[in-house]
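Listing of run_21.tsv; format and content: TSV, C-alpha atoms.
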chain	number	residue	atom	x	y	z
A	1	MET	CA	44.32	-67.04	-3.62
A	2	ALA	CA	45.05	-63.32	-3.56
A	3	GLN	CA	43.15	-61.07	-1.22
A	4	ILE	CA	40.34	-59.10	-2.93
A	5	PHE	CA	40.56	-56.24	-0.44
A	6	THR	CA	43.77	-54.60	0.71
A	7	ALA	CA	44.46	-54.20	4.39
A	8	SER	CA	43.38	-50.53	4.33
A	9	ALA	CA	40.11	-51.09	2.46
A	10	ASP	CA	38.03	-51.20	5.61
A	11	THR	CA	39.50	-47.93	6.86
A	12	ARG	CA	38.90	-46.29	3.49
A	13	LEU	CA	35.32	-47.46	3.45
A	14	ARG	CA	34.76	-46.05	6.94
A	15	ALA	CA	36.44	-42.80	5.93
A	16	PHE	CA	34.20	-42.62	2.87
A	17	PHE	CA	31.02	-43.05	4.93
A	18	LEU	CA	32.25	-40.51	7.45
A	19	ILE	CA	32.96	-37.99	4.71
A	20	MET	CA	29.58	-38.68	3.11
A	21	LEU	CA	27.89	-38.09	6.45
A	22	LEU	CA	29.79	-34.83	6.91
A	23	VAL	CA	28.88	-33.73	3.38
A	24	VAL	CA	25.18	-34.42	3.93
A	25	LEU	CA	25.21	-32.68	7.32
A	26	GLY	CA	27.23	-29.83	5.85
A	27	VAL	CA	24.82	-29.34	2.96
A	28	ALA	CA	21.87	-29.45	5.34
A	29	ALA	CA	23.50	-26.95	7.71
A	30	PHE	CA	24.41	-24.68	4.81
A	31	ALA	CA	20.92	-24.85	3.31
A	32	GLY	CA	19.35	-24.14	6.71
A	33	GLY	CA	21.70	-21.28	7.41
A	34	LEU	CA	21.16	-19.88	3.93
A	35	ALA	CA	17.38	-19.99	4.29
A	36	ASP	CA	17.60	-18.01	7.53
A	37	SER	CA	20.23	-15.61	6.27
A	38	THR	CA	19.38	-12.08	5.27
A	39	TYR	CA	20.66	-13.04	1.80
A	40	VAL	CA	17.46	-15.04	1.36
A	41	THR	CA	15.06	-13.27	3.75
A	42	MET	CA	16.30	-9.91	2.42
A	43	VAL	CA	16.02	-8.29	5.85
A	44	GLY	CA	17.85	-4.99	5.79
A	45	TRP	CA	18.67	-5.15	2.07
A	46	PHE	CA	17.68	-2.03	0.21
A	47	ARG	CA	16.01	-2.73	-3.10
A	48	ASP	CA	16.77	-0.65	-6.15
A	49	GLN	CA	13.78	1.40	-7.17
A	50	PRO	CA	13.06	3.46	-10.29
A	51	VAL	CA	12.85	6.54	-8.05
A	52	PRO	CA	14.83	6.58	-4.77
A	53	PHE	CA	11.78	7.30	-2.62
A	54	SER	CA	12.59	8.14	1.00
A	55	HIS	CA	10.09	7.12	3.64
A	56	GLN	CA	12.32	8.88	6.16
A	57	HIS	CA	11.83	12.21	4.44
A	58	HIS	CA	8.09	11.84	3.88
A	59	VAL	CA	7.13	10.19	7.18
A	60	GLN	CA	9.60	11.56	9.71
A	61	GLY	CA	10.53	14.76	7.94
A	62	LEU	CA	7.09	15.86	6.78
A	63	GLY	CA	4.92	13.87	9.18
A	64	ILE	CA	2.72	12.41	6.45
A	65	ASP	CA	0.55	9.55	7.69
A	66	CYS	CA	1.06	6.12	6.06
A	67	ARG	CA	-2.57	6.16	4.92
A	68	TYR	CA	-2.13	9.34	2.88
A	69	CYS	CA	-0.52	7.18	0.17
A	70	HIS	CA	-1.39	3.61	1.19
A	71	THR	CA	-5.11	4.28	1.06
A	72	GLY	CA	-6.32	0.69	0.89
A	73	VAL	CA	-4.67	-0.47	4.08
A	74	GLU	CA	-7.74	-0.11	6.32
A	75	THR	CA	-10.31	-1.54	3.95
A	76	SER	CA	-8.66	-4.14	1.72
A	77	ALA	CA	-6.13	-6.94	1.63
A	78	GLN	CA	-3.53	-4.77	-0.05
A	79	ALA	CA	-2.17	-1.57	1.43
A	80	GLY	CA	-1.81	-0.35	-2.12
A	81	LEU	CA	0.85	1.72	-3.80
A	82	PRO	CA	-0.16	5.28	-4.59
A	83	ALA	CA	-1.03	6.21	-8.15
A	84	THR	CA	1.40	8.70	-9.68
A	85	HIS	CA	-1.07	11.57	-9.28
A	86	VAL	CA	-0.81	11.09	-5.50
A	87	CYS	CA	2.92	11.84	-5.80
A	88	MET	CA	2.06	14.78	-8.04
A	89	THR	CA	-0.37	16.20	-5.46
A	90	CYS	CA	2.71	17.80	-3.94
A	91	HIS	CA	5.31	17.37	-6.66
A	92	SER	CA	3.32	19.39	-9.17
A	93	GLN	CA	4.50	22.31	-7.02
A	94	VAL	CA	7.49	21.07	-5.04
A	95	TRP	CA	10.76	19.86	-6.61
A	96	THR	CA	9.17	20.38	-10.03
A	97	GLY	CA	12.45	20.30	-11.92
A	98	ALA	CA	14.31	17.70	-9.86
A	99	PRO	CA	16.06	15.17	-12.12
A	100	LEU	CA	15.39	12.46	-9.50
A	101	LEU	CA	11.67	12.89	-10.09
A	102	ALA	CA	11.86	12.89	-13.90
A	103	LEU	CA	10.39	9.39	-14.02
A	104	VAL	CA	7.46	10.46	-11.83
A	105	ARG	CA	6.61	13.35	-14.13
A	106	GLN	CA	7.03	11.11	-17.14
A	107	SER	CA	4.71	8.52	-15.61
A	108	PHE	CA	2.15	11.22	-14.82
A	109	ALA	CA	2.28	12.66	-18.34
A	110	SER	CA	2.10	9.33	-20.12
A	111	GLY	CA	-0.26	7.51	-17.76
A	112	THR	CA	2.19	4.63	-17.45
A	113	PRO	CA	2.55	3.49	-13.84
A	114	LEU	CA	5.91	3.52	-12.10
A	115	GLU	CA	7.22	-0.01	-11.68
A	116	TRP	CA	8.25	-0.22	-8.04
A	117	ASN	CA	10.04	-3.29	-6.80
A	118	ARG	CA	8.16	-5.04	-4.07
A	119	VAL	CA	9.97	-4.90	-0.70
A	120	ALA	CA	7.58	-6.56	1.75
A	121	LYS	CA	6.19	-9.65	0.13
A	122	VAL	CA	4.74	-12.93	1.30
A	123	PRO	CA	4.70	-15.97	-0.99
A	124	ASP	CA	1.68	-16.44	-3.27
A	125	TYR	CA	0.36	-19.27	-1.09
A	126	VAL	CA	-0.07	-16.86	1.82
A	127	TYR	CA	-3.26	-14.82	1.76
A	128	PHE	CA	-2.35	-11.89	3.95
A	129	ASN	CA	-4.99	-9.26	4.61
A	130	HIS	CA	-3.90	-5.81	5.75
A	131	SER	CA	-7.32	-4.53	6.82
A	132	ILE	CA	-7.95	-7.15	9.50
A	133	HIS	CA	-4.55	-6.50	11.08
A	134	VAL	CA	-4.76	-2.71	10.90
A	135	THR	CA	-8.32	-2.38	12.22
A	136	ARG	CA	-7.47	-4.64	15.17
A	137	GLY	CA	-4.48	-2.50	16.04
A	138	VAL	CA	-1.42	-4.37	14.84
A	139	PRO	CA	0.75	-1.32	14.24
A	140	CYS	CA	2.52	-0.83	10.89
A	141	VAL	CA	5.89	-0.86	12.64
A	142	GLU	CA	5.29	-4.41	13.87
A	143	CYS	CA	5.91	-5.87	10.40
A	144	HIS	CA	7.48	-3.02	8.46
A	145	GLY	CA	9.93	-1.79	11.08
A	146	ARG	CA	10.96	1.82	11.55
A	147	ILE	CA	10.04	2.79	8.02
A	148	ASP	CA	10.27	6.42	9.17
A	149	GLU	CA	14.01	5.91	9.62
A	150	MET	CA	14.64	4.35	6.22
A	151	PRO	CA	16.00	6.70	3.56
A	152	LEU	CA	15.61	3.78	1.17
A	153	THR	CA	13.15	1.05	1.90
A	154	ALA	CA	14.29	-2.34	3.14
A	155	ARG	CA	12.46	-5.34	4.50
A	156	ALA	CA	12.40	-5.23	8.29
A	157	GLN	CA	11.22	-8.74	9.12
A	158	PRO	CA	12.00	-12.13	7.56
A	159	PHE	CA	8.33	-12.82	6.66
A	160	GLN	CA	8.85	-16.51	7.36
A	161	MET	CA	6.06	-18.67	8.70
A	162	GLN	CA	7.63	-19.02	12.15
A	163	TRP	CA	7.65	-15.23	12.41
A	164	CYS	CA	3.96	-14.97	11.48
A	165	LEU	CA	3.13	-17.74	13.95
A	166	SER	CA	5.04	-16.11	16.80
A	167	CYS	CA	2.34	-13.42	16.78
A	168	HIS	CA	-0.61	-15.63	15.83
A	169	ARG	CA	0.10	-17.92	18.79
A	170	ASP	CA	0.00	-15.01	21.22
A	171	PRO	CA	-1.42	-11.86	19.63
A	172	ALA	CA	-2.17	-9.93	22.85
A	173	PRO	CA	1.24	-8.25	23.38
A	174	HIS	CA	1.27	-7.03	19.79
A	175	LEU	CA	-2.03	-5.14	19.88
A	176	ARG	CA	-2.20	-1.34	20.18
A	177	PRO	CA	-5.06	1.16	20.01
A	178	PRO	CA	-6.23	1.04	16.37
A	179	GLU	CA	-6.51	4.84	16.15
A	180	GLN	CA	-2.74	5.03	16.68
A	181	VAL	CA	-1.89	2.19	14.33
A	182	THR	CA	0.45	4.24	12.13
A	183	GLN	CA	2.51	5.46	15.08
A	184	MET	CA	6.12	4.37	14.64
A	185	ASP	CA	7.70	4.91	18.05
A	186	TRP	CA	6.13	2.82	20.82
A	187	SER	CA	8.95	3.18	23.34
A	188	ASP	CA	6.60	5.06	25.69
A	189	TRP	CA	4.21	2.12	25.62
A	190	GLU	CA	6.95	-0.47	26.06
A	191	ARG	CA	8.76	1.40	28.81
A	192	ASP	CA	5.96	0.68	31.24
A	193	PRO	CA	4.63	-2.81	30.49
A	194	GLN	CA	2.60	-2.81	33.72
A	195	ALA	CA	0.47	0.10	32.55
A	196	HIS	CA	-0.70	-1.81	29.50
A	197	LYS	CA	-0.50	-5.38	30.70
A	198	ASP	CA	-4.23	-5.93	30.38
A	199	TYR	CA	-4.77	-4.02	27.15
A	200	GLY	CA	-3.87	-6.83	24.76
A	201	ALA	CA	-5.79	-9.49	26.64
A	202	LEU	CA	-8.88	-7.26	26.83
A	203	MET	CA	-8.69	-6.48	23.13
A	204	VAL	CA	-8.31	-10.17	22.28
A	205	GLN	CA	-11.56	-10.67	24.18
A	206	ALA	CA	-13.28	-7.61	22.75
A	207	TYR	CA	-12.48	-8.53	19.16
A	208	GLY	CA	-13.23	-12.21	19.71
A	209	ILE	CA	-9.74	-13.21	18.59
A	210	GLU	CA	-9.18	-16.93	19.09
A	211	PRO	CA	-5.47	-17.80	18.98
A	212	ASP	CA	-6.42	-21.47	18.42
A	213	LYS	CA	-7.98	-20.50	15.13
A	214	LEU	CA	-5.18	-18.13	14.19
A	215	VAL	CA	-2.74	-21.02	14.01
A	216	GLN	CA	-4.90	-23.20	11.80
A	217	CYS	CA	-3.52	-23.69	8.29
A	218	ASN	CA	-6.52	-22.24	6.52
A	219	THR	CA	-6.25	-18.93	8.34
A	220	CYS	CA	-3.44	-17.95	5.97
A	221	HIS	CA	-3.42	-20.72	3.34
A	222	ARG	CA	-6.27	-21.67	1.05
B	1	MET	CA	29.99	-42.17	-7.32
B	2	SER	CA	26.90	-41.40	-5.36
B	3	TRP	CA	27.78	-38.00	-3.89
B	4	PRO	CA	27.57	-35.89	-7.07
B	5	LEU	CA	24.21	-37.56	-7.59
B	6	LEU	CA	23.18	-36.72	-4.06
B	7	LEU	CA	24.34	-33.14	-4.47
B	8	CYS	CA	22.40	-32.82	-7.74
B	9	LEU	CA	19.32	-34.24	-6.06
B	10	THR	CA	19.65	-31.84	-3.10
B	11	LEU	CA	20.07	-28.87	-5.42
B	12	ALA	CA	17.11	-30.01	-7.53
B	13	LEU	CA	15.01	-30.29	-4.37
B	14	LEU	CA	16.15	-26.88	-3.16
B	15	ALA	CA	15.33	-25.36	-6.53
B	16	GLY	CA	11.80	-26.64	-6.17
B	17	CYS	CA	11.47	-25.10	-2.74
B	18	ASN	CA	9.74	-21.87	-3.68
B	19	GLU	CA	7.87	-22.81	-6.80
B	20	MET	CA	4.50	-22.17	-5.17
B	21	GLY	CA	5.79	-18.88	-3.79
B	22	SER	CA	5.45	-17.24	-7.16
B	23	GLN	CA	2.48	-18.77	-8.88
B	24	PRO	CA	1.50	-18.04	-12.48
B	25	ARG	CA	-1.40	-15.80	-11.54
B	26	TYR	CA	-2.13	-12.09	-11.66
B	27	ASP	CA	-2.09	-10.10	-8.44
B	28	ASN	CA	-3.10	-6.47	-8.00
B	29	ALA	CA	-0.65	-3.90	-9.33
B	30	GLU	CA	1.52	-6.46	-11.10
B	31	PRO	CA	2.55	-6.04	-14.72
B	32	SER	CA	0.63	-8.10	-17.25
B	33	ALA	CA	1.47	-9.15	-20.79
B	34	LEU	CA	-2.17	-9.99	-21.41
B	35	PHE	CA	-3.46	-6.43	-21.67
B	36	ALA	CA	-2.38	-3.75	-24.11
B	37	ASP	CA	-1.50	-1.25	-21.37
B	38	GLY	CA	0.59	-3.83	-19.50
B	39	LYS	CA	-1.35	-3.59	-16.23
B	40	VAL	CA	-3.23	-6.22	-14.26
B	41	LEU	CA	-5.54	-3.57	-12.82
B	42	GLN	CA	-7.78	-2.63	-15.71
B	43	ALA	CA	-9.98	0.43	-15.68
B	44	PRO	CA	-13.64	-0.55	-16.01
B	45	PRO	CA	-15.07	-0.07	-19.52
B	46	GLU	CA	-16.39	3.40	-20.22
B	47	GLY	CA	-19.89	3.97	-18.94
B	48	THR	CA	-19.58	1.38	-16.17
B	49	VAL	CA	-21.55	2.26	-13.05
B	50	ALA	CA	-20.27	0.81	-9.79
B	51	GLN	CA	-22.87	-1.10	-7.77
B	52	ASP	CA	-22.45	1.25	-4.83
B	53	GLN	CA	-22.48	4.42	-6.95
B	54	PRO	CA	-26.04	5.44	-5.93
B	55	GLN	CA	-25.06	5.07	-2.25
B	56	ARG	CA	-21.92	7.13	-2.77
B	57	ASP	CA	-23.88	9.79	-4.66
B	58	ARG	CA	-26.40	9.94	-1.86
B	59	ALA	CA	-23.63	10.16	0.74
B	60	LEU	CA	-22.12	13.03	-1.21
B	61	SER	CA	-25.30	15.03	-1.65
B	62	ASN	CA	-26.74	14.62	1.85
B	63	ARG	CA	-25.03	16.24	4.77
B	64	PRO	CA	-24.98	13.81	7.71
B	65	ALA	CA	-26.22	14.99	11.09
B	66	MET	CA	-23.51	16.42	13.32
B	67	SER	CA	-22.42	13.93	15.96
B	68	ALA	CA	-19.43	13.18	18.15
B	69	ALA	CA	-18.69	10.09	16.03
B	70	LEU	CA	-18.69	12.18	12.85
B	71	LEU	CA	-16.25	14.65	14.42
B	72	LYS	CA	-13.98	11.86	15.61
B	73	ARG	CA	-13.92	10.32	12.16
B	74	GLY	CA	-13.33	13.75	10.66
B	75	GLN	CA	-10.47	14.43	13.03
B	76	GLU	CA	-8.79	11.18	12.02
B	77	ARG	CA	-9.29	11.72	8.26
B	78	TYR	CA	-8.22	15.35	8.59
B	79	ALA	CA	-4.99	14.21	10.29
B	80	ILE	CA	-4.28	11.76	7.46
B	81	ASN	CA	-5.20	13.81	4.41
B	82	CYS	CA	-5.17	17.50	5.32
B	83	VAL	CA	-2.55	18.11	8.01
B	84	PRO	CA	0.49	17.96	5.67
B	85	CYS	CA	-0.62	21.29	4.16
B	86	HIS	CA	-3.36	22.76	6.34
B	87	ASP	CA	-1.67	21.82	9.68
B	88	ALA	CA	-3.37	20.41	12.75
B	89	ALA	CA	-4.98	23.74	13.70
B	90	GLY	CA	-6.09	24.68	10.19
B	91	ASP	CA	-3.89	27.76	9.76
B	92	GLY	CA	-2.26	26.43	6.61
B	93	HIS	CA	1.24	26.24	8.08
B	94	GLY	CA	1.80	22.56	7.27
B	95	THR	CA	5.15	20.91	6.61
B	96	VAL	CA	4.58	20.78	2.84
B	97	PRO	CA	3.97	24.53	2.40
B	98	ALA	CA	7.09	24.98	4.54
B	99	ARG	CA	9.01	23.19	1.76
B	100	GLY	CA	7.75	25.43	-0.99
B	101	PHE	CA	4.19	24.38	-1.75
B	102	PRO	CA	1.94	27.45	-2.15
B	103	GLN	CA	0.48	28.33	1.24
B	104	PRO	CA	-3.18	27.32	1.55
B	105	PRO	CA	-5.64	29.78	3.10
B	106	SER	CA	-6.35	29.54	6.82
B	107	PHE	CA	-9.67	27.93	7.72
B	108	HIS	CA	-10.09	30.76	10.20
B	109	GLU	CA	-10.31	33.56	7.66
B	110	GLN	CA	-13.69	35.20	7.37
B	111	ARG	CA	-14.47	33.88	3.88
B	112	LEU	CA	-14.06	30.24	4.98
B	113	VAL	CA	-15.78	30.67	8.33
B	114	GLU	CA	-18.80	31.91	6.42
B	115	ALA	CA	-18.58	29.23	3.70
B	116	PRO	CA	-21.13	26.41	3.96
B	117	SER	CA	-19.86	22.90	4.83
B	118	ARG	CA	-20.68	21.83	1.29
B	119	TYR	CA	-17.98	24.17	0.04
B	120	PHE	CA	-15.29	22.08	1.80
B	121	VAL	CA	-16.84	18.86	0.50
B	122	ASP	CA	-16.76	20.28	-3.04
B	123	VAL	CA	-13.12	21.32	-2.71
B	124	ILE	CA	-12.16	17.86	-1.44
B	125	THR	CA	-14.11	16.31	-4.32
B	126	HIS	CA	-12.93	18.52	-7.15
B	127	GLY	CA	-9.80	20.17	-5.85
B	128	HIS	CA	-9.22	23.91	-5.82
B	129	GLY	CA	-6.38	25.97	-7.23
B	130	VAL	CA	-3.17	23.96	-6.79
B	131	MET	CA	-4.94	21.43	-4.55
B	132	TYR	CA	-5.70	18.20	-6.39
B	133	SER	CA	-8.97	16.36	-6.12
B	134	TYR	CA	-9.10	13.89	-3.23
B	135	ALA	CA	-12.12	12.10	-4.64
B	136	ASP	CA	-10.23	8.84	-5.07
B	137	ARG	CA	-8.66	9.00	-1.61
B	138	VAL	CA	-11.44	10.28	0.64
B	139	GLU	CA	-14.84	8.58	0.57
B	140	PRO	CA	-17.91	10.85	0.27
B	141	ALA	CA	-19.02	10.20	3.87
B	142	ASP	CA	-15.50	11.04	5.07
B	143	ARG	CA	-15.55	14.34	3.13
B	144	TRP	CA	-18.51	15.44	5.23
B	145	ALA	CA	-16.72	14.23	8.36
B	146	ILE	CA	-13.69	16.36	7.46
B	147	ALA	CA	-15.93	19.35	6.76
B	148	ALA	CA	-17.53	18.85	10.18
B	149	TYR	CA	-14.10	18.77	11.82
B	150	ILE	CA	-13.08	21.97	10.02
B	151	ARG	CA	-16.20	23.52	11.59
B	152	ALA	CA	-14.98	22.32	14.98
B	153	LEU	CA	-11.55	23.89	14.35
B	154	GLN	CA	-13.20	27.16	13.38
B	155	THR	CA	-15.47	27.10	16.41
B	156	SER	CA	-12.46	26.49	18.66
B	157	ARG	CA	-11.22	30.01	17.89
B	158	ASN	CA	-14.52	31.72	18.42
B	159	ALA	CA	-16.16	29.82	21.26
B	160	SER	CA	-17.18	31.90	24.24
B	161	ALA	CA	-16.24	30.69	27.70
B	162	ALA	CA	-19.91	30.23	28.52
B	163	GLN	CA	-20.13	27.43	25.92
B	164	LEU	CA	-17.46	25.36	27.69
B	165	SER	CA	-18.13	22.73	30.31
B	166	THR	CA	-17.28	23.50	33.93
B	167	ILE	CA	-14.32	21.10	33.79
B	168	ASP	CA	-12.88	22.84	30.71
B	169	ARG	CA	-13.32	26.24	32.28
B	170	GLU	CA	-11.52	25.10	35.43
B	171	ALA	CA	-8.70	23.67	33.30
B	172	LEU	CA	-8.36	27.10	31.72
B	173	GLY	CA	-8.19	28.60	35.18
B	174	GLY	CA	-11.11	30.88	34.45
B	175	ASP	CA	-14.42	31.71	36.04
B	176	ARG	CA	-15.99	28.79	37.90
B	177	GLY	CA	-19.42	30.26	38.15
B	178	GLY	CA	-22.47	29.88	35.95
Structure rendered as structure tokens:
Amino acid sequence: MAQIFTASADTRLRAFFLIMLLVVLGVAAFAGGLADSTYVTMVGWFRDQPVPFSHQHHVQGLGIDCRYCHTGVETSAQAGLPATHVCMTCHSQVWTGAPLLALVRQSFASGTPLEWNRVAKVPDYVYFNHSIHVTRGVPCVECHGRIDEMPLTARAQPFQMQWCLSCHRDPAPHLRPPEQVTQMDWSDWERDPQAHKDYGALMVQAYGIEPDKLVQCNTCHR
Amino acid sequence: MSWPLLLCLTLALLAGCNEMGSQPRYDNAEPSALFADGKVLQAPPEGTVAQDQPQRDRALSNRPAMSAALLKRGQERYAINCVPCHDAAGDGHGTVPARGFPQPPSFHEQRLVEAPSRYFVDVITHGHGVMYSYADRVEPADRWAIAAYIRALQTSRNASAAQLSTIDREALGGDRGG
């Protein structure tokens, strides 16, 4: 009776399983790498906007506080994008004929809001609240990066859960005096860690922040 | 074979990864096909009175008592909303006028030193000249706080040495007596 399997069948079967294993591992490694890549997290990728608004010019150049435009940041979940008339507070007088601002004037005249593309966004299943972070002294720069150095706005942090948790597990080192929350450059503070080593821990106590509760699911998810 | 199937399954699973990340619900400031003007945020119907409107009206019409806390709040709100044009000292040499915005008057000119605090609150509320209204950006109580801080800025130019504390006088290197 003839052999059903050739002499090399066993080797081919082993090779097949090996290749399958490599494919599965490869796909997993690729998917993992992709999920962490800036292509997916969008860190450092400038988004196209209807008007090329420069935070660098307005924050660093003119020294305008974040809260001049993002008025809701201290009192509500959303920082809020300014209504067009906030832009026009200055631009009714400055750069009145600039072609770059044509859409702003058009929006102001017609009452149709500008459609900005969201840069910093958490998924819908995350219920982030700006006011609680800002009033406790988590500075803007902590999540939004050096926005004062961005001519166009890009995401500064991956906004993944592990990144949120890294602070929720140990909030103390991230806290700053709330009255300076919009300050962008903290190199003075960080240069001398000894001078501020107790600040965070004291504030965690003063505010009654319990890291154990900060890492519970229902702190951010409902 | 099984691997195209496996690949399809993996891709299908990956595709499902972020389905809950963008849920079919309306969030603030998103576009909406439901309303005629295309906005999620709808203006309240005409004639609507906000629940806290009486409180806000009262806060606007009654000047709060001067206090250190009021000045501190005013200083902070002044830095956020006023400094771009009026500058930190109130002279009107802010960064925005430097770029071509009409120069605002100095808070230290006689007319404004003599103006009542309510005048500043009214200007914040209704705007003045090329200055837009800040009614939607500065709460009534904060308008009084800013007015109080403007008073402090004005006083800073006209205070006599006798009004300063001993420590301040020493820091200025002046007379230590009295």
Contact check, chain A to chain B, at most 10 Å, counting all atoms listed in the file, closest pairs as a Markdown table:
| residue | atom | partner | partner_atom | distance |
| --- | --- | --- | --- | --- |
| A:Met20 | CA | B:Trp3 | CA | 7.3 |
| A:Val23 | CA | B:Trp3 | CA | 8.5 |
| A:Val24 | CA | B:Leu7 | CA | 8.5 |
| A:Val27 | CA | B:Thr10 | CA | 8.3 |
| A:Ala28 | CA | B:Thr10 | CA | 9.0 |
| A:Ala31 | CA | B:Leu14 | CA | 8.3 |
| A:His58 | CA | B:Val96 | CA | 9.7 |
| A:Gly61 | CA | B:Thr95 | CA | 8.3 |
| A:Leu62 | CA | B:Thr95 | CA | 5.4 |
| A:Gly63 | CA | B:Pro84 | CA | 7.0 |
| A:Ile64 | CA | B:Pro84 | CA | 6.0 |
| A:Asp65 | CA | B:Ile80 | CA | 5.3 |
| A:Cys66 | CA | B:Ile80 | CA | 7.9 |
| A:Arg67 | CA | B:Ile80 | CA | 6.4 |
| A:Tyr68 | CA | B:Ile80 | CA | 5.6 |
| A:Cys69 | CA | B:Arg137 | CA | 8.5 |
| A:His70 | CA | B:Arg137 | CA | 9.5 |
| A:Thr71 | CA | B:Arg137 | CA | 6.5 |
| A:Gly72 | CA | B:Arg137 | CA | 9.0 |
| A:Gln78 | CA | B:Asn28 | CA | 8.1 |
| A:Gly80 | CA | B:Ala29 | CA | 8.1 |
| A:Leu81 | CA | B:Ala29 | CA | 8.0 |
| A:Pro82 | CA | B:Arg137 | CA | 9.7 |
| A:His85 | CA | B:Tyr132 | CA | 8.6 |
| A:Val86 | CA | B:Tyr132 | CA | 8.7 |
| A:Met88 | CA | B:Tyr132 | CA | 8.6 |
| A:Thr89 | CA | B:Tyr132 | CA | 5.8 |
| A:Cys90 | CA | B:Phe101 | CA | 7.1 |
| A:His91 | CA | B:Phe101 | CA | 8.6 |
| A:Ser92 | CA | B:Val130 | CA | 8.3 |
| A:Gln93 | CA | B:Phe101 | CA | 5.7 |
| A:Val94 | CA | B:Phe101 | CA | 5.7 |
| A:Trp95 | CA | B:Gly100 | CA | 8.5 |
| A:Gly111 | CA | B:Asp37 | CA | 9.6 |
| A:Thr112 | CA | B:Asp37 | CA | 8.0 |
| A:Pro113 | CA | B:Lys39 | CA | 8.4 |
| A:Glu115 | CA | B:Pro31 | CA | 8.2 |
| A:Trp116 | CA | B:Glu30 | CA | 9.7 |
| A:Arg118 | CA | B:Glu30 | CA | 9.8 |
| A:Val122 | CA | B:Gly21 | CA | 7.9 |
| A:Pro123 | CA | B:Gly21 | CA | 4.2 |
| A:Asp124 | CA | B:Gly21 | CA | 4.8 |
| A:Tyr125 | CA | B:Gly21 | CA | 6.1 |
| A:Val126 | CA | B:Gly21 | CA | 8.4 |
| A:Glu179 | CA | B:Glu76 | CA | 7.9 |
| A:Gln180 | CA | B:Glu76 | CA | 9.8 |
**Asked** Closest to Val134 in chain A among A:Met161, A:Val119, A:Leu175, A:Met150, using only C-alpha atoms?
**Response**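 Ranking A:Met161, A:Val119, A:Leu175, A:Met150 by distance to Val134 in chain A, first place goes to A:Leu175.
Rounded to one decimal, CA of Cys143 in chain A and CA of Tyr26 in chain B lie 24.3 Å from each other.
CA of Tyr78 in chain B is found 13.5 Å from CA of Pro140 in chain B.
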**Request:** Place a sphere of radius 12 Å on (-10.3, -15.4, 14.4) in the file coordinates and name every protein, DNA or RNA residue with an atom inside or on its surface, counting all atoms listed in the file; give the answer as a PyMOL selection string.
**Result:** chain A and resi 132-133+136+168-169+171+204-216+218-220
**Complete:** CA of Val181 in chain A sits from CA of Ile147 in chain A at a separation of 13.5 Å
**Request:** Determine the nearest neighbour of Ile124 in chain B from the options B:Arg169, B:Lys72, B:His108, B:Arg143, counting all atoms listed in the file.
**Result:**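 Distance minimum relative to Ile124 in chain B lands on B:Arg143.
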**Asked** Got a sec: who's within 12 Å of Arg146 in chain A, counting only C-alpha atoms, leaving out chain neighbours fewer than 3 positions off, as a list in words?
**Response**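 Within the cut-off, the hits are Gly44, His55, Gln56, Val59, Gln60, Pro139, Cys140, Val141, Glu142, Cys143, Glu149, Met150, Pro151, Leu152, Thr153, Ala154, Arg155, Ala156, Gln157, Thr182, Gln183, Met184, Asp185 and Trp186 of chain A.
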**Prompt:** From the list B:Ala162, B:Ala89, B:Leu60, B:Ala68, which residue is nearest Trp144 in chain B when using all atoms listed in the file?
**Reply:**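 Using all atoms listed in the file, Trp144 in chain B sits closest to B:Leu60.
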